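One file, coords07.tsv, carrying TSV, C-alpha atoms:
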```
chain	number	residue	atom	x	y	z
A	1	MET	CA	-43.49	-5.80	25.42
A	2	THR	CA	-46.77	-7.57	26.17
A	3	SER	CA	-48.58	-9.70	23.62
A	4	ASN	CA	-51.23	-7.00	23.29
A	5	ASP	CA	-48.75	-4.52	21.84
A	6	VAL	CA	-48.92	-4.31	18.08
A	7	LYS	CA	-45.71	-3.12	16.52
A	8	PRO	CA	-46.75	-0.19	14.37
A	9	GLU	CA	-45.36	-0.18	10.85
A	10	TRP	CA	-43.51	2.93	9.77
A	11	PRO	CA	-45.49	4.83	7.13
A	12	LEU	CA	-44.80	4.06	3.49
A	13	TRP	CA	-43.05	6.65	1.33
A	14	GLU	CA	-42.69	6.79	-2.45
A	15	ILE	CA	-39.23	7.86	-3.56
A	16	PHE	CA	-38.43	9.94	-6.63
A	17	ILE	CA	-34.88	10.56	-7.78
A	18	ARG	CA	-33.55	13.03	-10.32
A	19	SER	CA	-30.56	11.40	-11.96
A	20	GLN	CA	-29.08	14.55	-13.46
A	21	HIS	CA	-29.82	18.22	-13.81
A	22	GLY	CA	-32.44	18.98	-16.43
A	23	LEU	CA	-34.22	15.66	-16.13
A	24	ALA	CA	-37.42	15.08	-14.17
A	25	HIS	CA	-37.59	13.19	-10.90
A	26	LYS	CA	-38.42	9.56	-11.60
A	27	HIS	CA	-40.16	7.09	-9.34
A	28	VAL	CA	-37.62	4.51	-8.15
A	29	GLY	CA	-39.48	2.62	-5.46
A	30	SER	CA	-40.82	2.88	-1.96
A	31	LEU	CA	-39.63	2.44	1.60
A	32	HIS	CA	-40.73	2.78	5.20
A	33	ALA	CA	-39.68	5.70	7.39
A	34	VAL	CA	-40.98	7.49	10.48
A	35	ASP	CA	-40.87	11.00	8.99
A	36	GLY	CA	-39.81	13.00	5.96
A	37	ALA	CA	-36.25	13.58	7.09
A	38	SER	CA	-35.60	9.92	7.74
A	39	ALA	CA	-37.33	9.02	4.46
A	40	ILE	CA	-34.71	11.15	2.67
A	41	HIS	CA	-31.92	9.47	4.65
A	42	HIS	CA	-33.26	6.02	3.91
A	43	ALA	CA	-33.74	6.86	0.24
A	44	ARG	CA	-30.16	8.05	0.09
A	45	ASP	CA	-29.00	4.78	1.61
A	46	VAL	CA	-31.28	2.45	-0.32
A	47	TYR	CA	-31.53	4.06	-3.76
A	48	THR	CA	-28.44	6.23	-4.36
A	49	ARG	CA	-25.64	3.87	-3.38
A	50	ARG	CA	-24.31	3.76	-6.92
A	51	ASN	CA	-24.31	7.46	-7.61
A	52	GLU	CA	-27.78	7.45	-9.16
A	53	GLY	CA	-28.98	10.87	-8.19
A	54	VAL	CA	-28.60	14.57	-7.55
A	55	SER	CA	-31.96	15.12	-5.86
A	56	ILE	CA	-34.46	13.10	-3.87
A	57	TRP	CA	-38.18	13.61	-3.34
A	58	ALA	CA	-40.04	11.60	-0.74
A	59	VAL	CA	-43.83	11.58	-0.83
A	60	ARG	CA	-46.03	9.88	1.71
A	61	ALA	CA	-47.72	7.06	-0.21
A	62	ALA	CA	-50.98	7.85	1.59
A	63	ASP	CA	-50.93	11.37	0.11
A	64	ILE	CA	-50.88	10.17	-3.47
A	65	VAL	CA	-54.25	10.31	-5.18
A	66	ALA	CA	-54.43	7.57	-7.81
A	67	SER	CA	-56.86	6.93	-10.62
A	68	SER	CA	-58.98	3.86	-10.23
A	69	PRO	CA	-58.40	0.93	-12.61
A	70	GLY	CA	-62.21	0.77	-12.98
A	71	ASP	CA	-62.26	4.22	-14.55
A	72	LYS	CA	-59.81	3.22	-17.25
A	73	GLU	CA	-62.32	3.26	-20.09
A	74	ALA	CA	-63.82	6.63	-19.24
A	75	LEU	CA	-60.45	8.25	-18.62
A	76	PHE	CA	-58.28	6.91	-21.40
A	77	ASP	CA	-60.23	5.26	-24.21
A	78	PRO	CA	-61.57	8.51	-25.72
A	79	ALA	CA	-57.99	9.59	-26.53
A	80	GLN	CA	-57.33	6.49	-28.62
A	81	SER	CA	-59.15	7.67	-31.72
A	82	LYS	CA	-57.62	11.15	-31.80
A	83	VAL	CA	-54.36	10.69	-33.71
A	84	TYR	CA	-54.34	14.39	-34.60
A	85	ARG	CA	-53.27	15.10	-31.02
A	86	HIS	CA	-49.88	13.46	-31.60
A	87	PRO	CA	-47.19	16.01	-32.52
A	88	THR	CA	-45.78	13.74	-35.22
A	89	PHE	CA	-46.09	16.42	-37.89
A	90	PHE	CA	-43.20	18.41	-36.42
A	91	PRO	CA	-39.64	17.41	-37.31
A	92	THR	CA	-37.32	17.24	-34.29
A	93	PRO	CA	-34.15	19.23	-34.79
A	94	ASP	CA	-30.91	17.21	-34.66
A	95	GLY	CA	-29.12	17.33	-31.34
A	96	VAL	CA	-32.21	17.71	-29.18
A	97	LYS	CA	-32.12	15.07	-26.48
A	98	ASN	CA	-34.53	13.92	-23.83
A	99	LEU	CA	-37.61	15.14	-25.70
B	1	MET	CA	9.06	2.92	14.46
B	2	SER	CA	8.07	6.28	13.14
B	3	HIS	CA	5.47	8.35	14.92
B	4	LYS	CA	3.58	8.85	11.68
B	5	PHE	CA	3.34	5.11	11.09
B	6	GLN	CA	1.94	4.61	14.59
B	7	TYR	CA	-0.48	7.47	14.12
B	8	LEU	CA	-1.71	6.04	10.81
B	9	LEU	CA	-2.25	2.67	12.46
B	10	ARG	CA	-4.48	4.36	15.02
B	11	LEU	CA	-6.52	5.99	12.27
B	12	GLY	CA	-6.78	2.79	10.24
B	13	ASP	CA	-7.49	0.45	13.13
B	14	ASN	CA	-10.36	2.58	14.44
B	15	CYS	CA	-12.04	2.36	11.05
B	16	LEU	CA	-11.24	-1.32	10.53
B	17	VAL	CA	-12.48	-2.52	13.92
B	18	LEU	CA	-15.64	-0.42	13.87
B	19	SER	CA	-16.38	-1.52	10.32
B	20	GLN	CA	-16.07	-5.16	11.35
B	21	GLN	CA	-18.43	-4.56	14.27
B	22	LEU	CA	-21.06	-2.90	12.09
B	23	ALA	CA	-20.77	-5.60	9.45
B	24	ALA	CA	-22.06	-8.08	12.04
B	25	TRP	CA	-25.44	-6.30	11.80
B	26	CYS	CA	-25.72	-7.12	8.10
B	27	GLY	CA	-29.02	-8.92	7.65
B	28	HIS	CA	-29.96	-8.37	11.32
B	29	GLY	CA	-30.91	-4.68	11.32
B	30	PRO	CA	-34.25	-3.70	12.85
B	31	ALA	CA	-35.64	-2.69	9.43
B	32	LEU	CA	-34.44	-3.17	5.88
B	33	GLU	CA	-33.70	0.55	5.55
B	34	GLU	CA	-31.64	0.64	8.75
B	35	ASP	CA	-29.83	-2.51	7.80
B	36	LEU	CA	-28.70	-1.03	4.50
B	37	ALA	CA	-27.86	2.32	6.06
B	38	LEU	CA	-25.66	0.81	8.74
B	39	THR	CA	-23.85	-1.49	6.34
B	40	ASN	CA	-23.23	1.53	4.09
B	41	VAL	CA	-21.49	3.13	7.07
B	42	ALA	CA	-19.52	-0.08	7.61
B	43	LEU	CA	-18.38	0.01	3.99
B	44	ASP	CA	-17.40	3.68	4.22
B	45	LEU	CA	-15.27	2.89	7.26
B	46	LEU	CA	-13.71	-0.12	5.58
B	47	GLY	CA	-12.76	2.08	2.62
B	48	GLN	CA	-11.17	4.57	4.98
B	49	ALA	CA	-9.33	1.80	6.83
B	50	ARG	CA	-7.85	0.61	3.54
B	51	LEU	CA	-6.58	4.08	2.66
B	52	TRP	CA	-5.02	4.67	6.09
B	53	LEU	CA	-3.45	1.21	6.37
B	54	SER	CA	-2.09	1.29	2.81
B	55	TYR	CA	-0.40	4.56	3.58
B	56	ALA	CA	0.80	3.24	6.94
B	57	GLY	CA	2.46	0.33	5.12
B	58	GLU	CA	4.21	2.74	2.73
B	59	VAL	CA	5.40	4.94	5.58
B	60	GLU	CA	6.72	1.92	7.45
B	61	GLY	CA	8.66	0.86	4.38
B	62	ARG	CA	8.92	-2.82	5.26
B	63	GLY	CA	6.77	-4.07	2.42
B	64	ARG	CA	3.60	-4.61	4.43
B	65	ASP	CA	0.45	-3.71	2.52
B	66	GLU	CA	-3.06	-3.01	3.87
B	67	ASP	CA	-3.86	-6.76	4.00
B	68	ALA	CA	-0.68	-7.64	5.88
B	69	LEU	CA	-1.49	-4.97	8.45
B	70	ALA	CA	-5.17	-5.86	8.77
B	71	PHE	CA	-4.86	-9.64	8.82
B	72	GLY	CA	-1.32	-10.23	10.03
B	73	ARG	CA	-1.07	-8.32	13.29
B	74	ASP	CA	-1.98	-9.64	16.73
B	75	GLY	CA	-4.29	-7.82	19.12
B	76	LEU	CA	-1.41	-6.22	21.00
B	77	ASP	CA	-0.33	-4.53	17.78
B	78	PHE	CA	-3.73	-2.97	17.14
B	79	ARG	CA	-3.96	0.71	17.99
B	80	ASN	CA	-7.72	1.33	17.90
B	81	LEU	CA	-9.59	3.12	20.68
B	82	LEU	CA	-11.31	1.00	23.32
B	83	LEU	CA	-14.66	2.53	22.37
B	84	VAL	CA	-14.84	0.94	18.92
B	85	GLU	CA	-14.19	-2.58	20.24
B	86	GLN	CA	-17.03	-2.44	22.76
B	87	PRO	CA	-19.73	-5.01	21.89
B	88	ASN	CA	-22.60	-4.23	19.53
B	89	GLY	CA	-25.16	-5.05	22.23
B	90	HIS	CA	-28.68	-4.13	21.19
B	91	TYR	CA	-29.31	-1.62	18.42
B	92	GLY	CA	-29.36	1.26	20.92
B	93	ASN	CA	-25.86	0.33	22.15
B	94	THR	CA	-24.62	0.29	18.57
B	95	VAL	CA	-26.25	3.63	17.78
B	96	ALA	CA	-24.84	5.29	20.92
B	97	ARG	CA	-21.33	3.96	20.24
B	98	GLN	CA	-21.63	5.17	16.66
B	99	PHE	CA	-22.79	8.64	17.59
B	100	LEU	CA	-20.10	9.20	20.24
B	101	PHE	CA	-17.48	8.04	17.75
B	102	ASP	CA	-18.87	9.90	14.72
B	103	ALA	CA	-18.95	13.20	16.60
B	104	TRP	CA	-15.25	12.82	17.43
B	105	HIS	CA	-14.35	11.37	14.03
B	106	ARG	CA	-15.80	14.37	12.24
B	107	GLN	CA	-13.77	16.83	14.34
B	108	LEU	CA	-10.62	14.78	13.83
B	109	LEU	CA	-11.04	14.53	10.06
B	110	ALA	CA	-11.79	18.24	9.76
B	111	GLY	CA	-8.44	18.84	11.48
B	112	LEU	CA	-6.66	16.26	9.31
B	113	CYS	CA	-7.89	18.04	6.16
B	114	GLU	CA	-5.33	20.73	7.10
B	115	SER	CA	-2.50	18.21	7.57
B	116	SER	CA	0.99	19.18	6.43
B	117	ASP	CA	1.17	15.69	4.89
B	118	PRO	CA	-0.67	16.01	1.55
B	119	ARG	CA	-1.60	12.31	1.44
B	120	ILE	CA	-3.24	12.50	4.88
B	121	ALA	CA	-5.06	15.69	3.89
B	122	GLU	CA	-6.37	14.00	0.73
B	123	ILE	CA	-7.68	10.95	2.55
B	124	ALA	CA	-9.27	13.13	5.23
B	125	GLN	CA	-11.01	15.29	2.63
B	126	LYS	CA	-12.59	12.22	1.08
B	127	ALA	CA	-13.50	10.68	4.44
B	128	VAL	CA	-14.91	13.80	6.08
B	129	LYS	CA	-17.74	13.95	3.54
B	130	GLU	CA	-18.76	10.43	4.44
B	131	VAL	CA	-18.45	11.05	8.14
B	132	ARG	CA	-20.56	14.22	8.04
B	133	TYR	CA	-23.36	11.99	6.88
B	134	HIS	CA	-22.57	9.34	9.49
B	135	VAL	CA	-22.90	11.84	12.32
B	136	GLU	CA	-26.09	13.32	10.89
B	137	ARG	CA	-27.60	9.84	10.79
B	138	SER	CA	-26.44	8.65	14.20
B	139	ALA	CA	-27.40	11.95	15.85
B	140	GLY	CA	-30.87	11.66	14.30
B	141	LEU	CA	-31.25	8.15	15.70
B	142	MET	CA	-30.09	9.26	19.16
B	143	ILE	CA	-32.74	11.99	19.17
B	144	ALA	CA	-35.45	9.68	17.85
B	145	LEU	CA	-34.72	6.87	20.31
B	146	GLY	CA	-34.11	9.19	23.27
B	147	ASN	CA	-37.53	10.74	22.71
B	148	GLY	CA	-39.25	7.49	21.80
B	149	THR	CA	-40.91	5.31	24.42
B	150	ALA	CA	-39.97	5.07	28.09
B	151	LEU	CA	-38.18	1.83	27.22
B	152	SER	CA	-36.16	3.28	24.35
B	153	HIS	CA	-35.27	6.33	26.44
B	154	ALA	CA	-34.04	4.18	29.34
B	155	ARG	CA	-32.03	1.97	27.01
B	156	MET	CA	-30.35	4.92	25.32
B	157	GLN	CA	-29.46	6.48	28.65
B	158	ASP	CA	-27.99	3.16	29.81
B	159	ALA	CA	-26.04	2.86	26.57
B	160	VAL	CA	-24.56	6.33	26.90
B	161	ASN	CA	-23.68	5.77	30.56
B	162	MET	CA	-22.01	2.47	29.75
B	163	LEU	CA	-19.90	3.89	26.92
B	164	TRP	CA	-19.01	7.17	28.59
B	165	PRO	CA	-15.82	5.83	30.27
B	166	TYR	CA	-14.43	5.18	26.79
B	167	THR	CA	-14.92	8.72	25.49
B	168	ASN	CA	-11.86	10.48	26.79
B	169	GLU	CA	-9.02	8.31	25.55
B	170	TRP	CA	-8.98	10.11	22.21
B	171	PHE	CA	-8.17	13.45	23.88
B	172	ASP	CA	-5.10	12.06	25.67
B	173	SER	CA	-1.86	13.14	24.11
B	174	ASP	CA	1.19	10.88	24.19
B	175	ALA	CA	4.54	11.20	22.43
B	176	ILE	CA	3.06	10.01	19.13
B	177	ASP	CA	0.20	12.52	19.20
B	178	ALA	CA	2.49	15.34	20.33
B	179	GLN	CA	5.06	14.61	17.62
B	180	CYS	CA	2.40	14.52	14.87
B	181	ALA	CA	0.78	17.70	16.19
B	182	SER	CA	4.02	19.64	16.36
B	183	ALA	CA	4.86	18.58	12.80
B	184	GLY	CA	1.46	19.78	11.65
B	185	VAL	CA	0.58	16.26	10.53
B	186	ALA	CA	-2.47	16.07	12.82
B	187	PRO	CA	-4.44	18.34	15.12
B	188	ALA	CA	-3.49	18.20	18.80
B	189	ALA	CA	-5.53	15.42	20.42
B	190	SER	CA	-6.87	17.65	23.18
B	191	SER	CA	-7.88	20.42	20.74
B	192	LEU	CA	-10.93	18.40	19.66
B	193	ALA	CA	-12.41	18.11	23.13
B	194	ALA	CA	-14.41	21.34	23.34
B	195	ALA	CA	-16.12	20.93	19.96
B	196	TRP	CA	-16.89	17.27	20.60
B	197	ARG	CA	-18.31	18.02	24.02
B	198	ALA	CA	-20.50	20.80	22.61
B	199	ASP	CA	-21.82	18.56	19.80
B	200	VAL	CA	-22.54	15.69	22.15
B	201	GLU	CA	-24.25	17.83	24.76
B	202	THR	CA	-26.45	19.43	22.10
B	203	VAL	CA	-27.58	16.10	20.69
B	204	LEU	CA	-28.03	14.43	24.07
B	205	GLY	CA	-30.04	17.48	25.16
B	206	ARG	CA	-32.31	17.21	22.13
B	207	ALA	CA	-32.62	13.48	22.79
B	208	GLY	CA	-33.79	14.22	26.34
B	209	LEU	CA	-30.78	12.32	27.69
B	210	THR	CA	-28.47	13.32	30.52
B	211	THR	CA	-24.79	13.85	29.77
B	212	PRO	CA	-22.90	11.66	32.26
B	213	THR	CA	-20.62	13.39	34.73
B	214	TYR	CA	-18.52	10.27	35.28
B	215	THR	CA	-14.79	10.94	34.96
B	216	GLY	CA	-13.09	7.59	35.66
B	217	HIS	CA	-12.08	7.11	32.07
B	218	GLN	CA	-10.54	4.01	30.48
B	219	ARG	CA	-7.49	4.23	28.28
B	220	GLY	CA	-4.96	1.96	26.63
B	221	GLY	CA	-6.26	1.16	23.15
B	222	LYS	CA	-3.93	3.62	21.47
B	223	LEU	CA	-0.97	1.77	23.01
B	224	GLY	CA	-2.27	-1.73	22.32
B	225	VAL	CA	-3.73	-2.44	25.77
B	226	HIS	CA	-7.18	-3.70	24.81
B	227	SER	CA	-10.32	-5.05	26.41
B	228	GLU	CA	-11.15	-8.74	26.06
B	229	HIS	CA	-13.52	-8.00	23.18
B	230	LEU	CA	-10.83	-7.27	20.59
B	231	GLY	CA	-9.43	-10.80	20.53
B	232	ARG	CA	-12.76	-12.35	19.61
B	233	LEU	CA	-13.35	-9.74	16.96
B	234	LEU	CA	-9.95	-10.33	15.39
B	235	THR	CA	-10.52	-14.08	15.44
B	236	ALA	CA	-13.44	-13.59	13.07
B	237	LEU	CA	-11.76	-10.84	11.06
B	238	GLN	CA	-8.48	-12.69	10.53
B	239	PHE	CA	-9.60	-16.31	10.41
B	240	MET	CA	-9.33	-16.80	6.66
B	241	GLN	CA	-5.85	-15.33	6.28
B	242	ARG	CA	-4.62	-17.15	9.38
B	243	ALA	CA	-5.95	-20.51	8.18
B	244	TYR	CA	-5.01	-20.02	4.54
B	245	PRO	CA	-2.18	-17.47	4.44
B	246	GLY	CA	-2.10	-15.51	1.21
B	247	ALA	CA	-5.37	-16.97	-0.03
B	248	GLN	CA	-7.01	-14.87	-2.74
B	249	TRP	CA	-10.23	-14.91	-4.65
```
Show how you would write the structure in this file as structure tokens.
Amino acid sequence: MTSNDVKPEWPLWEIFIRSQHGLAHKHVGSLHAVDGASAIHHARDVYTRRNEGVSIWAVRAADIVASSPGDKEALFDPAQSKVYRHPTFFPTPDGVKNL
Amino acid sequence: MSHKFQYLLRLGDNCLVLSQQLAAWCGHGPALEEDLALTNVALDLLGQARLWLSYAGEVEGRGRDEDALAFGRDGLDFRNLLLVEQPNGHYGNTVARQFLFDAWHRQLLAGLCESSDPRIAEIAQKAVKEVRYHVERSAGLMIALGNGTALSHARMQDAVNMLWPYTNEWFDSDAIDAQCASAGVAPAASSLAAAWRADVETVLGRAGLTTPTYTGHQRGGKLGVHSEHLGRLLTALQFMQRAYPGAQW
């Protein structure tokens, strides 16, 4: 390899794992991989060593569209004064989990 | 000594020696993800070695447990294949060795799942799930590196060529293999050849690599006739128990 060669980084992937059936996939971290299939393999090896999951999603970090911290006020502040949007008036039946 | 004991030593020693080899990559892998993945494989193999050697000790009936067998035998008493004791080399050498072994290991374990010995069948059923993943991973790396750059392609072809002489020993059948096969304890050694060959040719083809035609194969590991690499490996593996016999933590 000559000194002009730059070692390209593998693309970054965000990893989501569903810990059990019925629950949503949860973001657990990120890793580098050359493609989707190897991202799943790597996620299996890095994030499910202790039996954490039943399903893995890998999403290219570059494909995630994120809100800008600068837009925080415009996006979120208006909801602060609207308590009537909280469903606190409804009693939760006993035995309902994961709500 | 019983044929079954000898056969179990072969199973256990393959896993133990290869696990020790892979463990040497811990912290030195080419990327964090690969490092973890390979050491996971090493741990799987170590777990399998423990199960086989524990059972071997019970079958022998002389009070030797898994530790006594792993740490207390000399090189001449090891029954692993020559392939698994070949040096790690660069990462491509390690990947090629792993793939050639995994492809055989999977066929063997699938056969052992049908063993007439329920304990062997149980261990094989646990191990085969792990090894199905091992072969998927190592085959994927073969294909990726074979199709990578001109350099990675050349290195993978060299690695395969170099290891090829060690990929026939496992199909040889001696008295121990024949006895275990006729008792239904294990599949006949030669019966795995066709499936292994087909798997390997498929993956090498997809990797753009040429399957070697070389036929001057090496043998001896199954009988304890090893290459010079095993001694060094065992020196590291057994040091602690040799220096401090019976030490525990």
* To do: Write out as a PyMOL selection string the residues lying within 9 Å of Leu53 in chain B, counting all atoms listed in the file and excluding same-chain residues fewer than 5 positions away.
  => chain B and resi 8-9+11-13+48+58+65-67+69-70
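What separates CA of Thr39 in chain B from CA of Arg44 in chain A is a distance of 13.0 Å.
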Up to 9 Å from chain A, what residues of chain B turn up? Count only C-alpha atoms and give them as a PDB file with C-alpha atoms, in the frame of the given file.
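Saved file iface_8.pdb follows:
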```pdb
ATOM      1  CA  ALA B  31     -35.640  -2.690   9.430  1.00  0.00           C
ATOM      2  CA  LEU B  32     -34.440  -3.170   5.880  1.00  0.00           C
ATOM      3  CA  GLU B  33     -33.700   0.550   5.550  1.00  0.00           C
ATOM      4  CA  GLU B  34     -31.640   0.640   8.750  1.00  0.00           C
ATOM      5  CA  LEU B  36     -28.700  -1.030   4.500  1.00  0.00           C
ATOM      6  CA  ALA B  37     -27.860   2.320   6.060  1.00  0.00           C
ATOM      7  CA  LEU B  38     -25.660   0.810   8.740  1.00  0.00           C
ATOM      8  CA  ASN B  40     -23.230   1.530   4.090  1.00  0.00           C
ATOM      9  CA  ARG B 137     -27.600   9.840  10.790  1.00  0.00           C
ATOM     10  CA  GLY B 140     -30.870  11.660  14.300  1.00  0.00           C
TER      11      GLY B 140
END
```
* Asked: Taking all atoms listed in the file into account, which of A:Lys72, A:Arg85, A:Lys26, A:Lys97 comes nearest Val54 in chain A?
  -> A:Lys26
Close residues, Ser115 in chain B itself excluded, 7 Å, only C-alpha atoms, min 5 positions apart in chain, as a JSON list (two decimals) with C-alpha atoms, keeping the file's coordinate frame:
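Listed below is the output, around20.json:
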```json
[["chain", "number", "residue", "atom", "x", "y", "z"],
["B", 120, "ILE", "CA", -3.24, 12.50, 4.88],
["B", 121, "ALA", "CA", -5.06, 15.69, 3.89],
["B", 184, "GLY", "CA", 1.46, 19.78, 11.65],
["B", 185, "VAL", "CA", 0.58, 16.26, 10.53],
["B", 186, "ALA", "CA", -2.47, 16.07, 12.82]]
```
* **Contact residues around range 202-214 of chain B with all atoms listed in the file at 12 Å, ignoring same-chain residues under 6 positions, as a VMD selection string** => chain B and resid 96 99 to 100 103 135 to 150 152 to 168 195 to 196
Would you put the residues from that selection into a file with C-alpha atoms, as an mmCIF file, in the frame of the given file?
```cif
data_model
loop_
_atom_site.group_PDB
_atom_site.id
_atom_site.type_symbol
_atom_site.label_atom_id
_atom_site.label_comp_id
_atom_site.auth_asym_id
_atom_site.auth_seq_id
_atom_site.Cartn_x
_atom_site.Cartn_y
_atom_site.Cartn_z
ATOM 1 C CA ALA B 96 -24.840 5.290 20.920
ATOM 2 C CA PHE B 99 -22.790 8.640 17.590
ATOM 3 C CA LEU B 100 -20.100 9.200 20.240
ATOM 4 C CA ALA B 103 -18.950 13.200 16.600
ATOM 5 C CA VAL B 135 -22.900 11.840 12.320
ATOM 6 C CA GLU B 136 -26.090 13.320 10.890
ATOM 7 C CA ARG B 137 -27.600 9.840 10.790
ATOM 8 C CA SER B 138 -26.440 8.650 14.200
ATOM 9 C CA ALA B 139 -27.400 11.950 15.850
ATOM 10 C CA GLY B 140 -30.870 11.660 14.300
ATOM 11 C CA LEU B 141 -31.250 8.150 15.700
ATOM 12 C CA MET B 142 -30.090 9.260 19.160
ATOM 13 C CA ILE B 143 -32.740 11.990 19.170
ATOM 14 C CA ALA B 144 -35.450 9.680 17.850
ATOM 15 C CA LEU B 145 -34.720 6.870 20.310
ATOM 16 C CA GLY B 146 -34.110 9.190 23.270
ATOM 17 C CA ASN B 147 -37.530 10.740 22.710
ATOM 18 C CA GLY B 148 -39.250 7.490 21.800
ATOM 19 C CA THR B 149 -40.910 5.310 24.420
ATOM 20 C CA ALA B 150 -39.970 5.070 28.090
ATOM 21 C CA SER B 152 -36.160 3.280 24.350
ATOM 22 C CA HIS B 153 -35.270 6.330 26.440
ATOM 23 C CA ALA B 154 -34.040 4.180 29.340
ATOM 24 C CA ARG B 155 -32.030 1.970 27.010
ATOM 25 C CA MET B 156 -30.350 4.920 25.320
ATOM 26 C CA GLN B 157 -29.460 6.480 28.650
ATOM 27 C CA ASP B 158 -27.990 3.160 29.810
ATOM 28 C CA ALA B 159 -26.040 2.860 26.570
ATOM 29 C CA VAL B 160 -24.560 6.330 26.900
ATOM 30 C CA ASN B 161 -23.680 5.770 30.560
ATOM 31 C CA MET B 162 -22.010 2.470 29.750
ATOM 32 C CA LEU B 163 -19.900 3.890 26.920
ATOM 33 C CA TRP B 164 -19.010 7.170 28.590
ATOM 34 C CA PRO B 165 -15.820 5.830 30.270
ATOM 35 C CA TYR B 166 -14.430 5.180 26.790
ATOM 36 C CA THR B 167 -14.920 8.720 25.490
ATOM 37 C CA ASN B 168 -11.860 10.480 26.790
ATOM 38 C CA ALA B 195 -16.120 20.930 19.960
ATOM 39 C CA TRP B 196 -16.890 17.270 20.600
#
```
* Neighbours of range 12-14 of chain A within 9 Å (all atoms listed in the file; same-chain residues fewer than 3 positions away dropped), as a VMD selection string? -> chain A and resid 9 27 to 34 36 39 57 to 62 64
To test the calculation: enclose all listed atoms of range 32-47 of chain A in a box whose edges run along x, y and z, add 4 Å on each side, then state centre and edge lengths in Å to one decimal, as AutoDock Vina command-line options.
```
--center_x -35.0 --center_y 8.0 --center_z 3.4 --size_x 20.0 --size_y 19.1 --size_z 22.2
```
* Contact residues around Leu22 in chain B with only C-alpha atoms at 12 Å, ignoring same-chain residues under 5 positions, as an NGL selection string -> :B and (15-17 or 27-29 or 34-46 or 84-91 or 93-95 or 97-98 or 233)
* Structure fact -> Counting only C-alpha atoms, closest pick from A:Ile15, A:Ala79, A:Leu23, A:Val96 relative to Tyr47 in chain A is A:Ile15
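Between CA of Gln21 in chain B and CA of His229 in chain B there is a distance of 10.7 Å.
Interatomic distance, CA of Arg64 in chain B against CA of Phe5 in chain B: 11.8 Å.
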List as a PDB file with C-alpha atoms, in the coordinates of the input the residues having at least one atom at most 12 Å from position (-1.3, 12.7, 25.5) as given in the file, counting only C-alpha atoms.
```pdb
ATOM      1  CA  ASN B 168     -11.860  10.480  26.790  1.00  0.00           C
ATOM      2  CA  GLU B 169      -9.020   8.310  25.550  1.00  0.00           C
ATOM      3  CA  TRP B 170      -8.980  10.110  22.210  1.00  0.00           C
ATOM      4  CA  PHE B 171      -8.170  13.450  23.880  1.00  0.00           C
ATOM      5  CA  ASP B 172      -5.100  12.060  25.670  1.00  0.00           C
ATOM      6  CA  SER B 173      -1.860  13.140  24.110  1.00  0.00           C
ATOM      7  CA  ASP B 174       1.190  10.880  24.190  1.00  0.00           C
ATOM      8  CA  ALA B 175       4.540  11.200  22.430  1.00  0.00           C
ATOM      9  CA  ILE B 176       3.060  10.010  19.130  1.00  0.00           C
ATOM     10  CA  ASP B 177       0.200  12.520  19.200  1.00  0.00           C
ATOM     11  CA  ALA B 178       2.490  15.340  20.330  1.00  0.00           C
ATOM     12  CA  GLN B 179       5.060  14.610  17.620  1.00  0.00           C
ATOM     13  CA  CYS B 180       2.400  14.520  14.870  1.00  0.00           C
ATOM     14  CA  ALA B 181       0.780  17.700  16.190  1.00  0.00           C
ATOM     15  CA  ALA B 188      -3.490  18.200  18.800  1.00  0.00           C
ATOM     16  CA  ALA B 189      -5.530  15.420  20.420  1.00  0.00           C
ATOM     17  CA  SER B 190      -6.870  17.650  23.180  1.00  0.00           C
ATOM     18  CA  SER B 191      -7.880  20.420  20.740  1.00  0.00           C
ATOM     19  CA  ARG B 219      -7.490   4.230  28.280  1.00  0.00           C
ATOM     20  CA  GLY B 220      -4.960   1.960  26.630  1.00  0.00           C
ATOM     21  CA  LYS B 222      -3.930   3.620  21.470  1.00  0.00           C
ATOM     22  CA  LEU B 223      -0.970   1.770  23.010  1.00  0.00           C
TER      23      LEU B 223
END
```
